[in-house]
Amino acid sequence: MATYAQIARAHLGNLGKVSLGFYPTPFHKLESISPAYGVNLWIKREDFSGSTLFGGNKIRKLEYLLHDAKKQGCDTVFTYGATQSNHVMETATAARRCGMRPVVYLGAIVEPQPNDVRANLLLDTILGAEIHILPSCGRSTKETMEANDHLFQAHIAQLAAQGHKVYNIPIGGSTPIGAAGFAECYIETMEQCESAGLACDYLVTATGSGGTLAGLAAGAAMLHDDSTQLIGIQVGKKDPATYGQKIVELANSVLETAGTQERIDKLPFVIHSEYVGPGYEKPYKEANDDIRYLARTEGIFTDPVYSGKAFHGLMDLIRTGSIPKGSNVVFLHTGGATALFSEPDIIGDLNQIQA
């Protein structure tokens, strides 16, 4: 009789995907931090997803999204994000791998300097993406893109008139097809836990556009697994009245798109908003201290926008006892270390040389 994992993989396989990453990604214990805090802390290395040195969690989504784009006969990919967006850079990389032209619209939450192009924006430039930078005027990336949607639609229509077909990927690639990549990731992670003899109590990840957390929740539903507590560490300001429910709705759309019978009727995760700090792409001392802590104890780099804030949130939950001693914990490293080479406003005090 087929297992839940086998059935889930069959459903996800029906969606189809292109091969962009190197999976399964590494999974290992944090040997120094674990005994220091009395927890069994493991890390899932989505920062090693490939296909370049700058991979991250978006590659899983893009395997499904770019397959859909190719199936539809698209030759151009549009996407959106902040100027230092990991998603945008990884989308441009994936588009080039698939022979498509990337067109990106970027909100300047932190204004880039034309004579000092850095980090992901530099990689976008090297990849030859068609780059359009929009002023944020104090708005979030989502609000900036909503205010300029008429520009995008006009551009897409113009390209269509020229004979091109555009595949339009929203912020973060957080669609039912894209988020399916993290249903697959959940299954993969639980299989790695089983191989390690680990009963996972907590799985902790950064959450922004919500696609990663939605996919993980869908994967847990496919496995009928309610023994692992999903925790999302929020990295930008969201409406607390609607954010969690929208992620549940996306998770259910993943399940529906994959053709499974499972559905989620209540929040299957806990979201912590108290680690956002001043805002998206805005660093703060406590999170940066834990970026340094992980680097200096385990030799692993996280970034000040996503994975660093998520790791800080995780460590605070451990230090305060919210995650009790003896727990088996998996931290999903979503990548993004290129942000360590971005503008000073993004990295904060990480560039201060210490004696």
# chains A, B, ... in the order shown; residues from 1 in each chain; ligands from 1

call {"tool": "closest_atom_pairs", "arguments": {"of": "segment 187-242 of chain A", "to": "segment 14-26 of chain A", "cutoff": "10 Å", "atoms": "only C-alpha atoms", "output": "CSV"}}
result
residue,atom,partner,partner_atom,distance
A:Glu188,CA,A:Pro24,CA,6.9
A:Thr189,CA,A:Pro24,CA,8.5
A:Gln192,CA,A:Pro24,CA,8.9

call {"tool": "write_last_selection", "arguments": {"atoms": "C-alpha atoms", "output": "CSV table (one decimal), in the first residue's frame"}}
result
chain,number,residue,atom,x,y,z
A,188,GLU,CA,11.9,15.9,1.7
A,189,THR,CA,12.7,17.3,5.1
A,192,GLN,CA,15.6,13.4,6.1

call {"tool": "residues_around", "arguments": {"residues": "Gly259 of chain A", "least_positions_apart": "3", "cutoff": "8 Å", "atoms": "only C-alpha atoms", "output": "number ranges by chain"}}
result
A: 11, 255-256

call {"tool": "write_last_selection", "arguments": {"atoms": "C-alpha atoms", "output": "compact mmCIF listing (two decimals), in the first residue's frame"}}
result
# COMPACT_ATOMS: atom_id res chain seq x y z
CA HIS A 11 0.26 14.32 -7.05
CA LEU A 255 -3.66 21.14 -2.37
CA GLU A 256 -6.43 21.79 -4.90

call {"tool": "atom_distance", "arguments": {"atom1": "atom CA of Ala251 of chain A", "atom2": "atom CA of Thr212 of chain A"}}
result
9.5 Å

call {"tool": "residues_around", "arguments": {"residues": "Thr76 of chain A", "least_positions_apart": "5", "cutoff": "10 Å", "atoms": "only C-alpha atoms", "output": "list in words"}}
result
Ala69, Lys70, Ala95, Arg96, Gly99, Met100, Arg101, Pro102, Val103, Ile156, Leu159, His164, Lys165, Val166, Tyr167 and Asn168 of chain A

call {"tool": "atom_distance", "arguments": {"atom1": "atom CA of Ile43 of chain A", "atom2": "atom CA of His28 of chain A"}}
result
5.6 Å

call {"tool": "atom_distance", "arguments": {"atom1": "atom CA of Gly107 of chain A", "atom2": "atom CA of Gly178 of chain A"}}
result
21.7 Å

call {"tool": "closest_atom_pairs", "arguments": {"of": "segment 152-219 of chain A", "to": "segment 235-247 of chain A", "cutoff": "12 Å", "atoms": "only C-alpha atoms", "output": "JSON lines"}}
result
{"residue": "A:Ser174", "atom": "CA", "partner": "A:Ile247", "partner_atom": "CA", "distance": 9.6}
{"residue": "A:Thr175", "atom": "CA", "partner": "A:Ile247", "partner_atom": "CA", "distance": 10.5}
{"residue": "A:Pro176", "atom": "CA", "partner": "A:Ile247", "partner_atom": "CA", "distance": 10.6}
{"residue": "A:Ala179", "atom": "CA", "partner": "A:Ile247", "partner_atom": "CA", "distance": 10.3}
{"residue": "A:Thr205", "atom": "CA", "partner": "A:Val235", "partner_atom": "CA", "distance": 10.2}
{"residue": "A:Ala206", "atom": "CA", "partner": "A:Val235", "partner_atom": "CA", "distance": 6.6}
{"residue": "A:Thr207", "atom": "CA", "partner": "A:Val235", "partner_atom": "CA", "distance": 6.2}
{"residue": "A:Gly208", "atom": "CA", "partner": "A:Val235", "partner_atom": "CA", "distance": 5.8}
{"residue": "A:Ser209", "atom": "CA", "partner": "A:Ile247", "partner_atom": "CA", "distance": 8.7}
{"residue": "A:Gly210", "atom": "CA", "partner": "A:Ile247", "partner_atom": "CA", "distance": 5.7}
{"residue": "A:Gly211", "atom": "CA", "partner": "A:Ile247", "partner_atom": "CA", "distance": 7.2}
{"residue": "A:Thr212", "atom": "CA", "partner": "A:Ile247", "partner_atom": "CA", "distance": 9.3}
{"residue": "A:Leu213", "atom": "CA", "partner": "A:Ile247", "partner_atom": "CA", "distance": 7.2}
{"residue": "A:Ala214", "atom": "CA", "partner": "A:Ile247", "partner_atom": "CA", "distance": 5.3}
{"residue": "A:Gly215", "atom": "CA", "partner": "A:Ile247", "partner_atom": "CA", "distance": 9.0}
{"residue": "A:Leu216", "atom": "CA", "partner": "A:Ile247", "partner_atom": "CA", "distance": 10.4}
{"residue": "A:Ala217", "atom": "CA", "partner": "A:Ile247", "partner_atom": "CA", "distance": 8.8}
{"residue": "A:Ala218", "atom": "CA", "partner": "A:Ile247", "partner_atom": "CA", "distance": 10.1}
